[in-house]
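These notes concern the structure reproduced below.
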Amino acid sequence: MVRKGEGAYRQMQSELPMSSDPREITYVQCVADHVIAALEPTQQAAYRWEVTVFDSPQANAFALPGGKIGIYTGLFDVAYNQDQLAAVMAHEVGHVLAKHGNERASRSALRRVGIAAARVFGASNNTVQSIDFGTQLGLQLPFGRALVPDCILSVTNL
């Protein structure tokens with residue numbers, strides 16, 4: 001998974017525009033340094049942590065297996081200060097430390113096996129589509145962001 005994370009990160013760096021604004025890059029690196037410094041020493045040393053600021057209006061961030069962190073400049077529109085950026089970044093780093101990438105890959109493989117088995121046993125296309133949809137909701141979506149907007153709305157309406 002570390003190699004896959006590294007490969008995906010390098011591909012993104014080659015395909016997506018990166019920020020050339022030294023203030024943005026320095027700011028994000030400073031926050032990343034503090035988030036990483038807050039980790040246990042073994043967690044700090046477990047990966048070669050690296051951060052890239054991607055020039056995109058998406059209000060998003062990610063961290064890939066191997067310690068590769070990506071921040072989209074659109075996140076600055078909703079994370080107004082270093083504490084908010086650090087919270088988002090720490091959340092993404094938490095996925096890496098919890099090895100959610102490994103878990104997601106395992107769930108994806110399980111999903112493919114289930115669909116293949118249904119086809120082998122002669123399930124109709126409708127049944128296979130139902131299994132596909134059900135396993136997507138049950139296995140893949142738990143780590144998705146589809147449920148987050150409801151949580152945000154309920155918190156902001158308090």
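Labeling convention for the structure tokens: chains A, B, ... as they appear, residues from 1 per chain, ligands from 1 in order of appearance.
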- Message: Neighbouring residues of A:Ile69 were defined as those with any atom within 10 Å, considering only C-alpha atoms; residues of the same chain fewer than 2 positions away were excluded. Please report them as a list of chain:residue names.
- Response: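 Counting only C-alpha atoms, the residues come to A:Tyr9, A:Ala32, A:Trp49, A:Glu50, A:Val51, A:Thr52, A:Val53, A:Ala61, A:Phe62, A:Ala63, A:Leu64, A:Pro65, A:Gly66, A:Gly67, A:Ile71, A:Met89, A:Glu92, A:Val93, A:Val96.
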- Mind checking DSSP for stretch 73-103 of chain A and telling me the helix (DSSP H, G or I) residues as number ranges by chain? A: 73-77, 82-97, 100-103
- Query: Rounded to one decimal in Å, what is the spacing between atom CA of A:Tyr47 and atom CA of A:Arg3?
  - Reply: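 It comes out at 11.4 Å.
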- Task: Between A:Ser19, A:Gln11, A:Asn81, A:Thr73, single out the one closest to A:Ser56, counting only C-alpha atoms.
- Result: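 Closest to A:Ser56, using only C-alpha atoms: A:Thr73.
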- Do you have the atom CA of A:Met12-atom CA of A:Thr42 distance handy?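 Result for atom CA of A:Met12 versus atom CA of A:Thr42: 27.5 Å, one decimal.
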Could you pull out the strand (DSSP E) residues of stretch 9-88 of chain A, going by DSSP on the backbone, and write them as a PDB file with N, CA and C atoms, in the first residue's frame?
ATOM      1  N   GLU A  50       5.385  13.861   3.556  1.00  0.00           N
ATOM      2  CA  GLU A  50       5.599  14.860   2.521  1.00  0.00           C
ATOM      3  C   GLU A  50       4.260  15.531   2.238  1.00  0.00           C
ATOM      4  N   VAL A  51       4.295  16.826   1.975  1.00  0.00           N
ATOM      5  CA  VAL A  51       3.056  17.559   1.706  1.00  0.00           C
ATOM      6  C   VAL A  51       3.197  18.357   0.410  1.00  0.00           C
ATOM      7  N   THR A  52       2.110  18.383  -0.353  1.00  0.00           N
ATOM      8  CA  THR A  52       2.052  19.153  -1.589  1.00  0.00           C
ATOM      9  C   THR A  52       0.770  19.984  -1.569  1.00  0.00           C
ATOM     10  N   VAL A  53       0.882  21.228  -2.011  1.00  0.00           N
ATOM     11  CA  VAL A  53      -0.283  22.102  -2.140  1.00  0.00           C
ATOM     12  C   VAL A  53      -0.680  22.104  -3.609  1.00  0.00           C
ATOM     13  N   PHE A  54      -1.881  21.591  -3.878  1.00  0.00           N
ATOM     14  CA  PHE A  54      -2.391  21.531  -5.245  1.00  0.00           C
ATOM     15  C   PHE A  54      -3.273  22.750  -5.508  1.00  0.00           C
ATOM     16  N   ALA A  61      -8.643  17.769   1.158  1.00  0.00           N
ATOM     17  CA  ALA A  61      -7.290  17.346   1.494  1.00  0.00           C
ATOM     18  C   ALA A  61      -7.287  15.825   1.503  1.00  0.00           C
ATOM     19  N   PHE A  62      -6.109  15.247   1.483  1.00  0.00           N
ATOM     20  CA  PHE A  62      -5.989  13.797   1.564  1.00  0.00           C
ATOM     21  C   PHE A  62      -4.633  13.437   2.142  1.00  0.00           C
ATOM     22  N   ALA A  63      -4.518  12.226   2.593  1.00  0.00           N
ATOM     23  CA  ALA A  63      -3.230  11.654   2.971  1.00  0.00           C
ATOM     24  C   ALA A  63      -3.258  10.207   2.482  1.00  0.00           C
ATOM     25  N   LEU A  64      -2.194   9.817   1.815  1.00  0.00           N
ATOM     26  CA  LEU A  64      -2.113   8.492   1.221  1.00  0.00           C
ATOM     27  C   LEU A  64      -1.170   7.600   2.029  1.00  0.00           C
ATOM     28  N   LYS A  68       1.971  10.580   2.399  1.00  0.00           N
ATOM     29  CA  LYS A  68       1.916  11.625   1.378  1.00  0.00           C
ATOM     30  C   LYS A  68       0.629  12.429   1.565  1.00  0.00           C
ATOM     31  N   ILE A  69       0.773  13.725   1.854  1.00  0.00           N
ATOM     32  CA  ILE A  69      -0.349  14.593   2.179  1.00  0.00           C
ATOM     33  C   ILE A  69      -0.570  15.584   1.037  1.00  0.00           C
ATOM     34  N   GLY A  70      -1.821  15.744   0.647  1.00  0.00           N
ATOM     35  CA  GLY A  70      -2.177  16.724  -0.374  1.00  0.00           C
ATOM     36  C   GLY A  70      -3.205  17.692   0.174  1.00  0.00           C
ATOM     37  N   ILE A  71      -2.982  18.957  -0.063  1.00  0.00           N
ATOM     38  CA  ILE A  71      -3.911  20.005   0.349  1.00  0.00           C
ATOM     39  C   ILE A  71      -4.295  20.776  -0.907  1.00  0.00           C
ATOM     40  N   TYR A  72      -5.582  20.935  -1.144  1.00  0.00           N
ATOM     41  CA  TYR A  72      -6.059  21.737  -2.272  1.00  0.00           C
ATOM     42  C   TYR A  72      -6.258  23.175  -1.798  1.00  0.00           C
TER      43      TYR A  72
END
- atom CA of A:Glu6 and atom CA of A:Val78, how far apart in Å? 27.5 Å
